[in-house]
Amino acid sequence: MKPLNRKAYGSIPHLPNSRLGSGDHSCHEGQARIATTKTRNKHDTVIVTEKLDGSNVAVALKDGILLPLSRAGYLANTSPFKQHHLFYNWVFVNEERFRKVLKEGEQISGEWLMQAHGTRYELDHEPFVIFDIFDKERNRYSWIDVLEKIEPAGFIHPQCISYGSTVTVEEAMHLIGTYGYHGALDPIEGAVWRVENKGKFDFMVKYVRPDKVDGKYLPELNNGIAYFNEYYTKLQ
């Protein structure tokens, strides 16, 4: 059963020339133009962040109970994968911090970087990186509000490389650099554009390197060997 009766997080459409994986789809050309070429008006704000390569997970507060979830919306401790059980346990170790951020009916979404998927990391911070918070009506908080909610509790967010006007894909990848800001040992995956208007979320688009290989460090594609990022060893 899905405790929220839905997925925890949907898919973000891709910009032109971004590598599409199975089930991915491209964004509307108008969205690509607004994010990377020309905003509609003075009320548009474009936020560009480094795209991280892990497992999309969430934590919701429902009826006063914390629910660590997989992207599909199932409780993380029912997953067949060890990394999600580790996430479930980590949430309750950090329960007080999550309760400082979440109000009843809200949801935090982020990237769980405990296990390497297509990018290895040597993390200098905890393995959960928050990129979205939803209110009880399922509306996203603005980027500034996300930061204001998570920073007092000491949570991490993806590196923001631009806040304001449009940024081309080439500019974004140059600003992030080959290995980004989160300790990547392989070239980073790409970037995410978040567009807000009058301080409210409008849409998101992303770019993934055309040569990116999904899940190359997962056991299914790595002779049964699971590669856990450096932070994992620090927890033992």
# chains A, B, ... in the order shown; residues from 1 in each chain; ligands from 1

call {"tool": "residues_around", "arguments": {"residues": "Ala76 of chain A", "least_positions_apart": "6", "cutoff": "9 Å", "atoms": "only C-alpha atoms", "output": "compact mmCIF listing (two decimals) with N, CA and C atoms, in the first residue's frame"}}
result
# COMPACT_ATOMS: atom_id res chain seq x y z
N VAL A 57 13.81 10.05 -2.88
CA VAL A 57 13.05 9.57 -1.73
C VAL A 57 12.31 10.75 -1.09
N ALA A 58 11.47 10.44 -0.12
CA ALA A 58 10.67 11.50 0.51
C ALA A 58 10.39 11.16 1.97
N LEU A 67 6.67 9.42 7.65
CA LEU A 67 6.61 8.33 6.67
C LEU A 67 7.79 8.46 5.69
N PRO A 68 8.85 7.67 5.86
CA PRO A 68 9.93 7.65 4.87
C PRO A 68 9.47 6.85 3.65
N LEU A 69 9.55 7.46 2.47
CA LEU A 69 8.95 6.87 1.28
C LEU A 69 9.94 6.74 0.13
N SER A 70 9.71 5.73 -0.70
CA SER A 70 10.40 5.66 -1.98
C SER A 70 9.71 6.60 -2.95
N GLN A 83 19.50 0.14 0.24
CA GLN A 83 19.67 1.59 0.41
C GLN A 83 18.40 2.26 0.96
N HIS A 84 17.23 1.75 0.62
CA HIS A 84 15.99 2.34 1.10
C HIS A 84 15.74 1.98 2.57
N HIS A 85 16.15 0.80 2.99
CA HIS A 85 16.06 0.45 4.40
C HIS A 85 17.00 1.32 5.23
N LEU A 86 18.16 1.61 4.68
CA LEU A 86 19.09 2.51 5.36
C LEU A 86 18.49 3.91 5.48
N PHE A 87 17.79 4.35 4.43
CA PHE A 87 17.13 5.65 4.48
C PHE A 87 16.05 5.66 5.55
N TYR A 88 15.24 4.62 5.59
CA TYR A 88 14.17 4.53 6.59
C TYR A 88 14.74 4.69 7.99

call {"tool": "select_by_dssp", "arguments": {"residues": "segment 15-222 of chain A", "states": "strand (DSSP E)", "output": "VMD selection string"}}
result
chain A and resid 44 to 51 55 to 62 65 to 70 107 to 112 128 to 134 160 to 164 190 to 197 200 to 208

call {"tool": "write_last_selection", "arguments": {"atoms": "C-alpha atoms", "output": "mmCIF file, in the first residue's frame"}}
result
data_model
loop_
_atom_site.group_PDB
_atom_site.id
_atom_site.type_symbol
_atom_site.label_atom_id
_atom_site.label_comp_id
_atom_site.auth_asym_id
_atom_site.auth_seq_id
_atom_site.Cartn_x
_atom_site.Cartn_y
_atom_site.Cartn_z
ATOM 1 C CA ASP A 44 9.919 35.165 -13.605
ATOM 2 C CA THR A 45 12.785 33.822 -11.499
ATOM 3 C CA VAL A 46 14.995 31.011 -12.771
ATOM 4 C CA ILE A 47 16.899 28.912 -10.205
ATOM 5 C CA VAL A 48 19.539 26.482 -11.479
ATOM 6 C CA THR A 49 20.969 23.744 -9.263
ATOM 7 C CA GLU A 50 23.331 20.827 -9.674
ATOM 8 C CA LYS A 51 21.521 17.596 -10.527
ATOM 9 C CA SER A 55 17.633 7.616 -5.281
ATOM 10 C CA ASN A 56 14.653 9.982 -5.164
ATOM 11 C CA VAL A 57 13.054 9.575 -1.730
ATOM 12 C CA ALA A 58 10.669 11.501 0.510
ATOM 13 C CA VAL A 59 9.519 12.028 4.087
ATOM 14 C CA ALA A 60 5.900 12.934 4.767
ATOM 15 C CA LEU A 61 4.113 13.805 8.000
ATOM 16 C CA LYS A 62 0.655 12.241 8.119
ATOM 17 C CA ILE A 65 3.593 10.078 11.943
ATOM 18 C CA LEU A 66 6.766 10.400 9.850
ATOM 19 C CA LEU A 67 6.613 8.332 6.665
ATOM 20 C CA PRO A 68 9.932 7.649 4.873
ATOM 21 C CA LEU A 69 8.948 6.868 1.279
ATOM 22 C CA SER A 70 10.398 5.656 -1.980
ATOM 23 C CA GLN A 107 6.334 16.306 2.367
ATOM 24 C CA ILE A 108 10.068 16.708 1.907
ATOM 25 C CA SER A 109 11.635 15.240 -1.252
ATOM 26 C CA GLY A 110 15.313 14.800 -1.923
ATOM 27 C CA GLU A 111 18.144 12.664 -3.250
ATOM 28 C CA TRP A 112 19.466 9.789 -1.147
ATOM 29 C CA PHE A 128 20.244 13.170 2.078
ATOM 30 C CA VAL A 129 19.983 16.307 -0.099
ATOM 31 C CA ILE A 130 16.622 18.120 -0.135
ATOM 32 C CA PHE A 131 15.334 19.767 -3.319
ATOM 33 C CA ASP A 132 11.572 20.179 -2.706
ATOM 34 C CA ILE A 133 8.955 20.617 -0.019
ATOM 35 C CA PHE A 134 5.215 20.252 -0.657
ATOM 36 C CA CYS A 160 22.538 26.620 -6.501
ATOM 37 C CA ILE A 161 24.691 28.070 -9.282
ATOM 38 C CA SER A 162 22.274 30.761 -10.487
ATOM 39 C CA TYR A 163 19.268 32.599 -9.061
ATOM 40 C CA GLY A 164 17.463 35.185 -11.173
ATOM 41 C CA GLY A 190 23.590 17.591 -15.212
ATOM 42 C CA ALA A 191 21.484 20.460 -13.887
ATOM 43 C CA VAL A 192 17.900 21.325 -12.905
ATOM 44 C CA TRP A 193 16.076 24.556 -13.798
ATOM 45 C CA ARG A 194 13.301 25.670 -11.448
ATOM 46 C CA VAL A 195 11.088 28.490 -12.735
ATOM 47 C CA GLU A 196 8.979 30.551 -10.356
ATOM 48 C CA ASN A 197 6.673 33.466 -11.081
ATOM 49 C CA LYS A 200 5.406 30.800 -6.653
ATOM 50 C CA PHE A 201 6.566 27.580 -8.281
ATOM 51 C CA ASP A 202 5.678 27.257 -11.982
ATOM 52 C CA PHE A 203 7.656 24.390 -13.541
ATOM 53 C CA MET A 204 10.933 22.475 -13.596
ATOM 54 C CA VAL A 205 13.089 21.133 -16.417
ATOM 55 C CA LYS A 206 16.414 19.311 -16.429
ATOM 56 C CA TYR A 207 19.441 18.489 -18.520
ATOM 57 C CA VAL A 208 21.345 15.199 -18.374
#

call {"tool": "residues_around", "arguments": {"residues": "segment 19-24 of chain A", "least_positions_apart": "2", "cutoff": "12 Å", "atoms": "only C-alpha atoms", "output": "number ranges by chain"}}
result
A: 10-17, 26-27, 189-190, 205-215

call {"tool": "closest_residue", "arguments": {"among": "A:Gly118, A:Pro158, A:Gly105, A:Pro152", "to": "Glu137 of chain A", "atoms": "only C-alpha atoms"}}
result
A:Gly105

call {"tool": "atom_distance", "arguments": {"atom1": "atom CA of Leu123 of chain A", "atom2": "atom CA of Thr36 of chain A"}}
result
29.6 Å

call {"tool": "select_by_dssp", "arguments": {"residues": "segment 16-189 of chain A", "states": "helix (DSSP H, G or I)", "output": "VMD selection string"}}
result
chain A and resid 29 to 36 76 to 78 82 to 93 95 to 101 143 to 153 169 to 176

call {"tool": "closest_residue", "arguments": {"among": "A:Leu4, A:Ile34, A:Val91, A:Leu52", "to": "Glu106 of chain A", "atoms": "only C-alpha atoms"}}
result
A:Leu4

call {"tool": "closest_residue", "arguments": {"among": "A:Asn94, A:Glu148, A:Met114, A:Lys100", "to": "Phe81 of chain A", "atoms": "only C-alpha atoms"}}
result
A:Met114

call {"tool": "closest_residue", "arguments": {"among": "A:Gln159, A:Asn139, A:Ala8, A:Asn223", "to": "Leu175 of chain A", "atoms": "only C-alpha atoms"}}
result
A:Gln159

call {"tool": "atom_distance", "arguments": {"atom1": "atom CA of Leu218 of chain A", "atom2": "atom CA of Pro187 of chain A"}}
result
16.8 Å

call {"tool": "closest_residue", "arguments": {"among": "A:Arg97, A:Lys2, A:His117, A:Arg71", "to": "Phe228 of chain A", "atoms": "only C-alpha atoms"}}
result
A:His117
